[in-house]
Structures are given as C-alpha cells and as structure tokens.
$ cat coords33.txt   # compact mmCIF, C-alpha atoms
# COMPACT_ATOMS: atom_id res chain seq x y z
CA MET A 1 -67.79 5.53 153.82
CA LEU A 2 -64.99 7.68 155.11
CA ARG A 3 -66.18 11.21 155.48
CA ASP A 4 -64.93 14.74 155.89
CA HIS A 5 -65.70 17.13 158.71
CA TYR A 6 -65.71 20.88 158.32
CA ILE A 7 -65.09 22.94 161.44
CA PHE A 8 -66.31 26.53 161.32
CA SER A 9 -66.73 27.30 165.02
CA ASN A 10 -63.90 28.30 167.29
CA GLY A 11 -62.91 25.84 169.97
CA ARG A 12 -60.66 22.97 170.77
CA LEU A 13 -60.01 19.74 168.91
CA LYS A 14 -58.90 17.10 171.32
CA ARG A 15 -57.84 13.51 171.59
CA LYS A 16 -59.96 11.78 174.19
CA ASP A 17 -60.74 8.08 174.67
CA ASN A 18 -58.65 7.36 171.57
CA THR A 19 -60.98 9.26 169.36
CA LEU A 20 -61.58 12.85 168.27
CA TYR A 21 -63.59 15.31 170.35
CA PHE A 22 -64.51 18.83 169.42
CA PHE A 23 -65.28 21.30 172.21
CA ASP A 24 -66.78 24.58 171.09
CA GLU A 25 -66.62 27.88 172.98
CA GLN A 26 -69.67 26.99 175.07
CA GLU A 27 -67.95 23.72 176.07
CA ASN A 28 -70.46 21.64 174.12
CA LYS A 29 -68.65 18.49 173.16
CA LYS A 30 -69.09 16.30 170.15
CA SER A 31 -67.26 13.12 169.39
CA LEU A 32 -66.16 12.19 165.89
CA PRO A 33 -65.46 8.53 165.06
CA VAL A 34 -61.79 8.57 164.12
CA HIS A 35 -61.97 5.37 162.07
CA GLN A 36 -64.55 6.96 159.81
CA THR A 37 -62.76 10.25 159.27
CA ASP A 38 -60.84 11.01 156.12
CA ASN A 39 -60.18 14.73 156.19
CA LEU A 40 -60.68 17.56 158.66
CA TYR A 41 -61.13 21.04 157.23
CA ILE A 42 -60.57 23.82 159.72
CA PHE A 43 -62.02 27.24 158.96
CA GLY A 44 -62.44 28.54 162.52
CA GLU A 45 -59.87 29.19 165.21
CA VAL A 46 -59.11 25.81 166.71
CA ASP A 47 -56.59 24.75 169.35
CA LEU A 48 -54.92 21.37 169.10
CA ASN A 49 -51.90 19.60 170.50
CA SER A 50 -49.35 17.01 169.50
CA SER A 51 -51.15 14.02 170.96
CA LEU A 52 -54.03 14.78 168.62
CA LEU A 53 -51.62 14.94 165.70
CA ASN A 54 -50.29 11.54 166.74
CA LEU A 55 -53.76 10.09 166.65
CA LEU A 56 -54.42 11.66 163.25
CA SER A 57 -51.26 10.18 161.85
CA GLN A 58 -52.14 6.73 163.21
CA HIS A 59 -55.41 6.82 161.33
CA ASP A 60 -54.17 8.63 158.21
CA VAL A 61 -56.40 11.62 158.71
CA HIS A 62 -55.40 14.78 156.86
CA LEU A 63 -55.92 18.13 158.52
CA HIS A 64 -56.38 21.07 156.16
CA VAL A 65 -56.17 24.57 157.55
CA PHE A 66 -57.75 27.64 155.98
CA ASN A 67 -57.04 31.18 157.12
CA TYR A 68 -59.45 33.86 158.31
CA TYR A 69 -60.34 34.81 154.75
CA GLY A 70 -60.98 31.22 153.71
CA PHE A 71 -57.75 30.86 151.70
CA TYR A 72 -55.89 27.59 151.89
CA ALA A 73 -53.04 27.81 154.40
CA GLY A 74 -51.64 24.29 154.63
CA THR A 75 -52.09 20.64 155.41
CA PHE A 76 -50.93 18.32 158.13
CA CYS A 77 -50.04 15.12 156.30
CA PRO A 78 -49.34 12.01 158.36
CA ARG A 79 -45.98 10.36 157.74
CA ASN A 80 -46.13 9.07 154.22
CA LYS A 81 -46.23 5.30 154.41
CA LYS A 82 -46.93 4.77 150.75
CA VAL A 83 -43.45 5.36 149.42
CA SER A 84 -41.99 3.61 146.46
CA GLY A 85 -38.60 4.68 145.14
CA PHE A 86 -39.23 2.81 141.92
CA THR A 87 -42.36 4.80 141.11
CA VAL A 88 -40.72 8.13 141.94
CA VAL A 89 -37.78 7.35 139.66
CA GLN A 90 -40.09 6.35 136.83
CA GLN A 91 -42.20 9.43 137.42
CA SER A 92 -39.10 11.63 137.15
CA VAL A 93 -38.13 9.96 133.88
CA HIS A 94 -41.44 11.05 132.43
CA TYR A 95 -40.66 14.60 133.51
CA LEU A 96 -37.09 14.66 132.23
CA GLU A 97 -37.72 13.31 128.75
CA HIS A 98 -39.32 16.08 126.75
CA GLU A 99 -41.52 13.89 124.53
CA LYS A 100 -42.91 11.98 127.50
CA ARG A 101 -43.55 15.14 129.47
CA LEU A 102 -45.33 16.70 126.51
CA TYR A 103 -47.56 13.63 126.22
CA MET A 104 -48.58 13.91 129.88
CA ALA A 105 -49.20 17.65 129.71
CA ARG A 106 -51.24 17.26 126.55
CA SER A 107 -53.33 14.48 128.09
CA PHE A 108 -54.23 16.63 131.09
CA LEU A 109 -55.24 19.47 128.82
CA GLN A 110 -57.29 17.28 126.48
CA SER A 111 -59.25 15.97 129.40
CA ALA A 112 -59.73 19.48 130.83
CA VAL A 113 -60.99 20.77 127.49
CA HIS A 114 -63.31 17.79 127.12
CA HIS A 115 -64.90 18.57 130.47
CA MET A 116 -65.12 22.30 129.78
CA LEU A 117 -66.92 21.68 126.49
CA ARG A 118 -69.13 19.16 128.21
CA ASN A 119 -70.18 21.83 130.70
CA ILE A 120 -71.02 24.58 128.27
CA ARG A 121 -72.58 22.35 125.60
CA ARG A 122 -75.45 21.85 128.03
CA TYR A 123 -76.44 25.41 127.23
CA LYS A 124 -75.99 24.92 123.50
CA GLU A 125 -78.10 27.70 122.06
CA LYS A 126 -76.43 30.34 124.25
CA THR A 127 -72.83 29.23 124.00
CA GLU A 128 -72.36 28.15 120.38
CA GLN A 129 -69.79 30.85 119.65
CA TYR A 130 -67.70 29.98 122.71
CA VAL A 131 -67.73 26.28 121.86
CA LYS A 132 -66.42 27.10 118.40
CA ASN A 133 -63.69 29.35 119.80
CA ILE A 134 -62.55 26.69 122.24
CA GLU A 135 -62.55 23.95 119.61
CA GLU A 136 -60.55 26.19 117.31
CA GLU A 137 -57.99 26.80 120.02
CA ALA A 138 -57.90 23.13 121.04
CA LYS A 139 -56.84 22.08 117.53
CA LYS A 140 -53.51 23.82 118.07
CA MET A 141 -52.79 21.53 120.99
CA ASP A 142 -51.59 18.64 118.85
CA SER A 143 -48.96 20.70 117.04
CA ALA A 144 -47.59 22.40 120.16
CA THR A 145 -44.00 21.43 120.78
CA THR A 146 -43.21 23.17 124.06
CA ILE A 147 -44.85 23.24 127.45
CA GLN A 148 -45.03 27.05 127.28
CA GLU A 149 -47.10 26.82 124.11
CA LEU A 150 -49.48 24.40 125.79
CA MET A 151 -49.80 26.69 128.80
CA GLY A 152 -50.59 29.57 126.46
CA ILE A 153 -53.30 27.57 124.71
CA GLU A 154 -54.70 26.55 128.09
CA GLY A 155 -54.86 30.18 129.21
CA ARG A 156 -56.71 31.28 126.09
CA ILE A 157 -59.16 28.36 126.26
CA ARG A 158 -59.90 29.14 129.86
CA GLN A 159 -60.56 32.75 129.01
CA HIS A 160 -63.16 31.79 126.40
CA TYR A 161 -64.58 29.28 128.83
CA TYR A 162 -65.04 31.71 131.69
CA GLN A 163 -66.47 34.29 129.27
CA SER A 164 -69.18 31.79 128.37
CA PHE A 165 -70.32 31.86 132.01
CA ASN A 166 -71.87 35.24 131.24
CA ALA A 167 -74.31 33.48 128.93
CA ILE A 168 -74.98 30.58 131.30
CA LEU A 169 -75.42 32.22 134.69
CA LYS A 170 -78.89 33.38 135.54
CA GLN A 171 -78.31 35.86 138.34
CA ASP A 172 -76.41 39.12 138.14
CA PHE A 173 -73.00 37.48 138.28
CA ILE A 174 -70.69 38.85 135.61
CA PHE A 175 -67.32 37.55 134.59
CA GLU A 176 -64.89 40.19 133.40
CA LYS A 177 -61.49 38.70 133.96
CA ARG A 178 -59.97 36.13 136.26
CA THR A 179 -58.53 37.81 139.34
CA LYS A 180 -56.89 35.95 142.18
CA GLN A 181 -54.91 36.70 145.29
CA PRO A 182 -57.27 38.31 146.11
CA PRO A 183 -60.39 37.74 143.98
CA GLN A 184 -62.08 41.03 143.06
CA ASP A 185 -65.64 40.05 142.25
CA PRO A 186 -68.10 37.44 143.57
CA LEU A 187 -67.67 34.98 140.72
CA ASN A 188 -63.89 35.02 141.09
CA ALA A 189 -64.29 34.50 144.83
CA LEU A 190 -66.38 31.40 144.15
CA ILE A 191 -63.90 30.05 141.60
CA SER A 192 -60.97 30.60 143.95
CA PHE A 193 -62.69 28.98 146.91
CA GLY A 194 -63.83 26.02 144.81
CA ASN A 195 -60.39 25.52 143.32
CA SER A 196 -58.72 25.49 146.72
CA LEU A 197 -61.16 22.79 147.90
CA CYS A 198 -60.45 20.79 144.76
CA TYR A 199 -56.72 21.18 145.33
CA THR A 200 -56.88 19.77 148.87
CA THR A 201 -59.09 16.88 147.81
CA VAL A 202 -56.69 15.91 145.04
CA LEU A 203 -53.76 16.19 147.45
CA SER A 204 -55.28 13.82 149.98
CA GLU A 205 -56.06 11.32 147.22
CA ILE A 206 -52.51 11.51 145.85
CA TYR A 207 -51.19 10.81 149.33
CA LYS A 208 -53.08 7.52 149.33
CA THR A 209 -51.02 6.38 146.36
CA GLN A 210 -47.30 6.04 145.69
CA LEU A 211 -47.07 9.13 143.49
CA ASP A 212 -44.80 11.99 144.42
CA PRO A 213 -47.01 15.12 144.57
CA THR A 214 -44.14 17.47 143.72
CA ILE A 215 -43.17 16.13 140.28
CA SER A 216 -45.54 17.55 137.72
CA PHE A 217 -45.76 17.82 133.97
CA LEU A 218 -47.98 20.63 132.77
CA HIS A 219 -47.10 22.99 135.60
CA GLU A 220 -43.44 23.56 136.29
CA PRO A 221 -42.43 21.60 139.38
CA SER A 222 -40.90 23.88 141.95
CA THR A 223 -40.20 23.96 145.63
CA LYS A 224 -42.82 24.78 148.21
CA ARG A 225 -45.82 23.50 146.35
CA PHE A 226 -47.45 20.26 145.34
CA SER A 227 -47.60 20.87 141.62
CA LEU A 228 -48.89 17.43 140.61
CA CYS A 229 -52.12 18.42 142.38
CA LEU A 230 -52.38 21.39 140.06
CA ASP A 231 -51.98 19.08 137.05
CA LEU A 232 -54.61 16.65 138.21
CA ALA A 233 -56.90 19.43 139.42
CA GLU A 234 -56.85 20.70 135.83
CA ILE A 235 -58.97 17.64 134.94
CA PHE A 236 -61.30 17.88 137.89
CA LYS A 237 -61.87 21.63 138.10
CA PRO A 238 -64.30 21.75 135.17
CA LEU A 239 -65.77 18.36 136.05
CA LEU A 240 -66.51 19.15 139.70
CA VAL A 241 -65.91 22.75 140.78
CA ASP A 242 -67.44 24.59 137.85
CA VAL A 243 -70.50 22.36 137.81
CA VAL A 244 -71.08 23.10 141.48
CA ILE A 245 -70.58 26.83 140.92
CA ILE A 246 -73.09 26.92 138.06
CA SER A 247 -75.69 24.93 139.96
CA CYS A 248 -75.21 27.03 143.12
CA ILE A 249 -75.81 30.25 141.21
CA ASN A 250 -78.55 29.10 138.86
CA ASN A 251 -80.54 27.47 141.64
CA ARG A 252 -80.10 30.56 143.78
CA ILE A 253 -78.33 28.61 146.52
CA ILE A 254 -75.71 31.33 146.59
CA THR A 255 -76.71 34.94 145.94
CA GLN A 256 -75.01 38.32 146.23
CA LYS A 257 -75.78 38.46 149.96
CA HIS A 258 -73.41 35.55 150.62
CA PHE A 259 -70.35 37.67 149.88
CA ASP A 260 -68.33 40.09 151.96
CA PHE A 261 -67.09 43.11 150.07
CA LEU A 262 -63.88 44.35 151.64
CA ASP A 263 -61.88 47.07 149.99
CA GLY A 264 -60.30 45.61 146.87
CA MET A 265 -61.38 42.04 147.54
CA VAL A 266 -64.50 39.94 147.64
CA LEU A 267 -64.90 36.84 149.79
CA LEU A 268 -67.54 34.28 150.54
CA ASN A 269 -68.96 34.81 154.02
CA GLU A 270 -69.52 31.97 156.46
CA GLU A 271 -73.04 31.11 155.30
CA GLY A 272 -71.84 31.19 151.68
CA LYS A 273 -68.94 28.87 152.44
CA LYS A 274 -71.20 26.44 154.25
CA ARG A 275 -73.66 26.34 151.39
CA PHE A 276 -70.93 25.85 148.84
CA ILE A 277 -69.24 23.09 150.87
CA LYS A 278 -72.53 21.28 151.31
CA GLU A 279 -73.02 21.13 147.55
CA TRP A 280 -69.36 20.24 147.04
CA ASP A 281 -69.50 17.39 149.52
CA GLU A 282 -72.63 16.02 147.89
CA LYS A 283 -71.00 16.24 144.49
CA LEU A 284 -67.94 14.31 145.66
CA SER A 285 -70.00 11.47 147.06
CA THR A 286 -72.24 11.20 143.99
CA THR A 287 -71.65 7.87 142.30
CA VAL A 288 -71.45 6.89 138.65
CA GLN A 289 -71.44 3.44 137.13
CA HIS A 290 -67.89 2.72 136.03
CA ARG A 291 -67.54 1.05 132.63
CA LYS A 292 -64.51 -1.07 133.34
CA LEU A 293 -64.86 -1.74 137.05
CA LYS A 294 -68.56 -2.53 136.57
CA ARG A 295 -69.58 -0.98 139.84
CA LYS A 296 -70.60 2.38 141.15
CA VAL A 297 -67.76 4.76 141.84
CA SER A 298 -67.89 8.15 143.59
CA TYR A 299 -66.37 11.27 142.08
CA ARG A 300 -63.83 11.29 144.92
CA TYR A 301 -62.73 7.79 143.95
CA PHE A 302 -62.39 8.89 140.33
CA ILE A 303 -59.55 11.13 141.49
CA ARG A 304 -57.82 8.13 143.06
CA LEU A 305 -58.37 6.04 139.93
CA GLU A 306 -56.70 8.80 137.94
CA CYS A 307 -53.66 8.49 140.24
CA TYR A 308 -53.56 4.74 139.73
CA LYS A 309 -53.69 5.23 135.97
CA LEU A 310 -50.71 7.59 136.23
CA ILE A 311 -48.72 4.98 138.16
CA LYS A 312 -49.54 2.34 135.57
CA HIS A 313 -48.32 4.69 132.87
CA PHE A 314 -45.09 5.51 134.68
CA ILE A 315 -44.10 1.92 135.30
CA GLY A 316 -44.88 1.01 131.71
CA ASP A 317 -47.89 -1.14 132.41
CA GLU A 318 -50.59 0.64 130.46
CA PRO A 319 -50.43 3.92 128.50
CA TYR A 320 -52.23 6.81 130.21
CA LYS A 321 -55.56 7.78 128.81
CA PRO A 322 -57.01 10.74 130.70
CA LEU A 323 -60.49 10.61 132.15
CA LYS A 324 -63.14 11.80 129.74
CA ALA A 325 -66.56 11.78 131.32
CA TRP A 326 -68.75 9.43 129.30
CA TRP A 327 -71.97 9.74 131.25
CA MET B 328 -73.64 -0.85 155.28
CA PHE B 329 -75.64 1.05 157.86
CA VAL B 330 -75.86 -0.37 161.36
CA ILE B 331 -77.58 0.45 164.60
CA ILE B 332 -75.93 -0.98 167.68
CA THR B 333 -77.58 -1.10 171.07
CA TYR B 334 -76.00 -2.50 174.18
CA ASP B 335 -76.97 -3.47 177.70
CA VAL B 336 -73.89 -4.25 179.75
CA GLY B 337 -72.95 -4.27 183.43
CA GLU B 338 -72.29 -0.91 185.06
CA LYS B 339 -68.56 -1.51 185.31
CA ARG B 340 -68.15 -2.08 181.60
CA VAL B 341 -70.63 0.45 180.24
CA ASN B 342 -68.08 3.21 179.84
CA LYS B 343 -65.54 1.00 178.17
CA VAL B 344 -68.03 -0.20 175.57
CA CYS B 345 -69.27 3.31 174.96
CA LYS B 346 -65.74 4.66 174.45
CA LYS B 347 -64.88 1.85 172.07
CA LEU B 348 -67.97 2.41 169.97
CA ARG B 349 -67.31 6.15 169.80
CA GLU B 350 -64.19 5.36 167.76
CA TYR B 351 -66.25 3.72 165.06
CA LEU B 352 -69.79 5.05 165.02
CA THR B 353 -71.86 8.09 165.84
CA TRP B 354 -73.40 8.33 169.29
CA THR B 355 -77.17 8.83 169.10
CA GLN B 356 -78.56 8.14 172.53
CA ASN B 357 -77.53 6.46 175.74
CA SER B 358 -76.59 2.90 174.76
CA VAL B 359 -77.32 3.49 171.07
CA PHE B 360 -74.91 4.09 168.21
CA GLU B 361 -75.52 4.27 164.50
CA GLY B 362 -73.67 4.98 161.28
CA GLU B 363 -72.20 3.82 158.00
CA ILE B 364 -69.43 1.26 158.46
CA SER B 365 -67.65 -1.26 156.29
CA LYS B 366 -67.97 -4.98 157.01
CA SER B 367 -64.33 -5.44 157.95
CA LEU B 368 -64.30 -2.42 160.23
CA LEU B 369 -67.43 -3.67 161.97
CA MET B 370 -65.78 -7.06 162.51
CA LYS B 371 -62.76 -5.32 164.01
CA CYS B 372 -64.96 -3.23 166.25
CA LEU B 373 -67.00 -6.21 167.47
CA ASN B 374 -63.85 -8.16 168.10
CA GLU B 375 -62.54 -5.44 170.37
CA ILE B 376 -65.86 -5.21 172.19
CA ASP B 377 -65.86 -8.93 172.64
CA GLN B 378 -62.70 -8.51 174.75
CA ILE B 379 -64.48 -6.08 177.04
CA ILE B 380 -67.86 -7.64 177.72
CA ASP B 381 -68.82 -10.52 179.94
CA GLU B 382 -70.69 -12.94 177.71
CA ASP B 383 -72.78 -14.43 180.53
CA GLU B 384 -74.28 -11.12 181.59
CA ASP B 385 -74.09 -8.55 178.81
CA SER B 386 -75.90 -8.28 175.52
CA ILE B 387 -75.21 -6.33 172.37
CA TYR B 388 -77.69 -6.08 169.49
CA ILE B 389 -76.66 -5.21 165.97
CA TYR B 390 -79.26 -4.15 163.41
CA GLU B 391 -77.98 -4.16 159.87
CA VAL B 392 -79.79 -2.04 157.32
CA ALA B 393 -79.19 -3.06 153.72
CA ASN B 394 -80.51 0.14 152.23
CA PRO B 395 -80.18 3.12 154.57
CA LYS B 396 -82.39 5.19 152.29
CA ASN B 397 -85.26 2.99 153.34
CA ILE B 398 -85.29 3.90 157.01
CA LYS B 399 -87.37 6.70 158.35
CA LYS B 400 -86.32 8.14 161.67
CA GLN B 401 -88.80 10.00 163.80
CA VAL B 402 -87.82 11.83 166.93
CA PHE B 403 -90.16 12.55 169.83
CA GLY B 404 -89.03 14.95 172.49
CA GLN B 405 -85.43 16.08 172.43
CA GLU B 406 -83.07 15.07 169.66
CA LYS B 407 -79.86 14.34 171.56
CA ASN B 408 -77.38 14.30 168.74
CA PHE B 409 -77.29 16.00 165.37
CA ASP B 410 -75.17 14.44 162.71
CA GLU B 411 -74.02 17.56 160.98
CA LEU B 412 -71.55 18.22 158.23
CA PHE B 413 -70.38 21.39 159.95
CA LEU B 414 -69.17 21.93 163.47

$ encode --input "coords33.txt" --output "structure tokens"
Amino acid sequence: MLRDHYIFSNGRLKRKDNTLYFFDEQENKKSLPVHQTDNLYIFGEVDLNSSLLNLLSQHDVHLHVFNYYGFYAGTFCPRNKKVSGFTVVQQSVHYLEHEKRLYMARSFLQSAVHHMLRNIRRYKEKTEQYVKNIEEEAKKMDSATTIQELMGIEGRIRQHYYQSFNAILKQDFIFEKRTKQPPQDPLNALISFGNSLCYTTVLSEIYKTQLDPTISFLHEPSTKRFSLCLDLAEIFKPLLVDVVIISCINNRIITQKHFDFLDGMVLLNEEGKKRFIKEWDEKLSTTVQHRKLKRKVSYRYFIRLECYKLIKHFIGDEPYKPLKAWW
Amino acid sequence: MFVIITYDVGEKRVNKVCKKLREYLTWTQNSVFEGEISKSLLMKCLNEIDQIIDEDEDSIYIYEVANPKNIKKQVFGQEKNFDELFL
C-alpha cells in the first residue's frame, strides 16, 4: 500500500499542512499523502529544508538522491528506531567465526546462482552451453574454503551469465565485458542503473528490521558503505533487475535511442530512466503466493522476509535457507 | 482497500478537513479524495476528522471498493488531478 514517488522535474519539495507538497518550476503544486509514502527518489534538482526532513523522519520516509548522471549519491535515513544490540552482537559473531561466515556467503551465492540459472533456462535452446558452464563452476562452491575463492567463483559465474545475454537479447545490444564507473555501453548502463535501484530498495527494507546494514558476509564489510545490502542484492539482482532488463529490451520498451552517448560513457536518458523505473516499480509490486505464509506477497516484501530470515538465523532460532524462487 | 471519500462540511471547517485528508489520500476533485489505504490507517484518519467536524451539520461519505480493478473511471471535461508515478 505504501508507495514510492520518483521526482524528475526540478523544483521544491516542501512541508505544508503536515504533508508533502511538490512545487515544480512553473509553480504547479501537487500534494503527496505522507502516510502512504515509503520512499522518495530524487533525480531532478530539488530544494528542501530541515522541517521537511523532520516530517520525513516522523513518518519513516527514506529520501534517495541520485546525481545528474543518474548515479546513486546517498540516502537520508530517519533516525533508526529499530535498534537491537542483541541482534547486532549475534550478527557480528556470524561474521567473526570463519565457518559461520562461509555458510552465509555460500548461501547468498547459491541463491544468486539459482536465480541466474532460472533466468537463462527460459531460453533453453539458445543458452545450453552457458547453463553447463555455470553449473560446472557452481560445483566448486561447496569445496571453497575462503571467501576470496567464493568471490572468484562468483565473478566467473557472472561472466558466463552476462555472456549468455548475447543469445537472449533480441535487439542490437551486445555484452562484451562488465564496465562500471562509468558504464561504457548501453547494456552496462542498464545493469548499473538497475543495480543501484535494487541497492536502495534493499537498504530501505533492511532499515525496517533490526539488522545492521554494515556487517556483511560475502562482501568485505568496510567503512562508508552498507555492505549487507550488497550481499542481499546478490540474491535479488538476478531475480528482479535482470528480468526487468531482459523484458525491457526484448519487448522494445527501451531501445538505442533511450541512451545518451557522452565521451567514454553511456547513460540512460530521462525517458529511458522513466520507462525502466515504471517496469521496475511494477515488478516490485507484483505478488506471488507464498508457500508458508499462505497469502500473496509482493517482491518488495520478499526482500523484507529475507531480512527476517537472517535475524532468525543470527539469534539461533531457525537456520538460514536462502530464497530460491519456486514459482 | 480502495476508498473514495466525499465530504460536505461547513465553510469554516472545509479547509481543515481537506488538509487532514491530504495526509492520507490523493486529492481528486473539490471535496473528493480517493486512494489505497489500510483499514487501520483509515480508522485513524476518520478518528482525526471526527474531531474536526460538527456532527449535527456536516456529512462525510465513505465508499469502500473491495476490488479496485473492478471500477471504471470516466472523466468528462477537465481531469483535475493525475495520479502519476513521476513528478
């Protein structure tokens, strides 16, 4: 029921009558019901002040800012009310003990590989070779004893996986190699943009739980970034982002004209971003019948359920079994 | 659930009710709001409105729609408010 708003125009975001108002450059105003808002994504140039931030923090609204080129710049997170020292300590234990950390890292990867294979198996006759390569590589996962080994396996699997896009995609999109910061061809631009959306979505779901977003297992936790998001995004990137990318390209929703070619980098232009976000938003609110909960659950809520499963694992309630799409 | 709320209240209280409803639902027309809302949030909203209105004079109608996919909305003349994903 809570929804996200994406702001592309320039203007002013304001607190008025205890709710949110957006004034664009022509002074057209539009009110947004603050009780129904979950996230605000800002792509345009928007002015705001501290009384607005106060209102956002009262209603637990996250504000994500993207820069001129559409790269993720940062998030305004309301004061974290969901804190639990106990969970954080338990979470750290699972990082510090090598065996436990390896188990977590392996689980994330297994789930990621499951979803990758699920994606490309849809195009069986074209991708047989890639499926074999990935399965071959995935077998090594069980015998890996260090995190570095796992990361290496992950990198190689992903390479095979992205290569298989060449067989799947219908238009003239070609994958050569993954380039980021900045992306150098249209497909990389799409992947980067999609991943940054996925990253923010996972972050705002983690903030609704007691987990600490900085303690991670597969990725090395470090300062200045929320690495648990990267871990969890590993599961959801193939499940959500890549599916949206493939359907956008194969249904000709996004074509070559939706990209800006600047020297040395390629970016989605505004129309392209809007089209991609529309598909992304629809994907997140799509619901699936959940086997255990026996009710329909949206993809966005699946991310939250994954966080809850992690907490249960950390506090020794129920061992963590990563999400493997069964539908 | 999807609701449509219409109200007819005394001039003095009109603005207060309108402002309150703007916090919860999407403005569609003068004196009309609509949108998805959870049961508990709707209760909270109505409770707050109850504090504002004068029960002897004012009236507020709430139309609940069980399946929002089943309503068809037609607009004649100007559409006053677009519910858009992008701003």

$ atom_distance --input "coords33.txt" --atom1 "CA of Arg158 (chain A)" --atom2 "CA of Glu306 (chain A)"
22.1 Å

$ residues_around --input "coords33.txt" --residues "Val336 (chain B)" --least-positions-apart "6" --cutoff "8 Å" --atoms "all atoms listed in the file" --output "MDAnalysis selection string"
chainID B and resid 380 384:387

$ interface_residues --input "coords33.txt" --of "chain B" --to "chain A" --cutoff "7 Å" --atoms "all atoms listed in the file" --output "list of chain:residue names"
B:Lys346, B:Arg349, B:Glu350, B:Tyr351, B:Leu352, B:Thr353, B:Glu363, B:Ile364, B:Leu412, B:Phe413, B:Leu414

$ atom_distance --input "coords33.txt" --atom1 "CA of Thr333 (chain B)" --atom2 "CA of Ser358 (chain B)"
5.5 Å

$ residues_around --input "coords33.txt" --residues "Thr355 (chain B)" --least-positions-apart "5" --cutoff "12 Å" --atoms "all atoms listed in the file" --output "PDB file with C-alpha atoms, in the frame of the given file"
ATOM      1  CA  LYS A  30     -69.090  16.300 170.150  1.00  0.00           C
ATOM      2  CA  SER A  31     -67.260  13.120 169.390  1.00  0.00           C
ATOM      3  CA  LEU A  32     -66.160  12.190 165.890  1.00  0.00           C
TER       4      LEU A  32
ATOM      5  CA  ILE B 331     -77.580   0.450 164.600  1.00  0.00           C
ATOM      6  CA  ILE B 332     -75.930  -0.980 167.680  1.00  0.00           C
ATOM      7  CA  THR B 333     -77.580  -1.100 171.070  1.00  0.00           C
ATOM      8  CA  CYS B 345     -69.270   3.310 174.960  1.00  0.00           C
ATOM      9  CA  LEU B 348     -67.970   2.410 169.970  1.00  0.00           C
ATOM     10  CA  ARG B 349     -67.310   6.150 169.800  1.00  0.00           C
ATOM     11  CA  PHE B 360     -74.910   4.090 168.210  1.00  0.00           C
ATOM     12  CA  GLU B 361     -75.520   4.270 164.500  1.00  0.00           C
ATOM     13  CA  GLY B 362     -73.670   4.980 161.280  1.00  0.00           C
ATOM     14  CA  LYS B 400     -86.320   8.140 161.670  1.00  0.00           C
ATOM     15  CA  VAL B 402     -87.820  11.830 166.930  1.00  0.00           C
ATOM     16  CA  GLN B 405     -85.430  16.080 172.430  1.00  0.00           C
ATOM     17  CA  GLU B 406     -83.070  15.070 169.660  1.00  0.00           C
ATOM     18  CA  LYS B 407     -79.860  14.340 171.560  1.00  0.00           C
ATOM     19  CA  ASN B 408     -77.380  14.300 168.740  1.00  0.00           C
ATOM     20  CA  PHE B 409     -77.290  16.000 165.370  1.00  0.00           C
ATOM     21  CA  ASP B 410     -75.170  14.440 162.710  1.00  0.00           C
TER      22      ASP B 410
END

$ atom_distance --input "coords33.txt" --atom1 "CA of Arg340 (chain B)" --atom2 "CA of Ser57 (chain A)"
28.7 Å

$ closest_residue --input "coords33.txt" --among "B:Leu369, B:Asn397, B:Asp335, B:Gln378" --to "Asn357 (chain B)" --atoms "all atoms listed in the file"
B:Asp335

$ closest_residue --input "coords33.txt" --among "A:Glu270, A:Asp260, A:Glu154, A:Glu282" --to "Ser111 (chain A)" --atoms "only C-alpha atoms"
A:Glu154
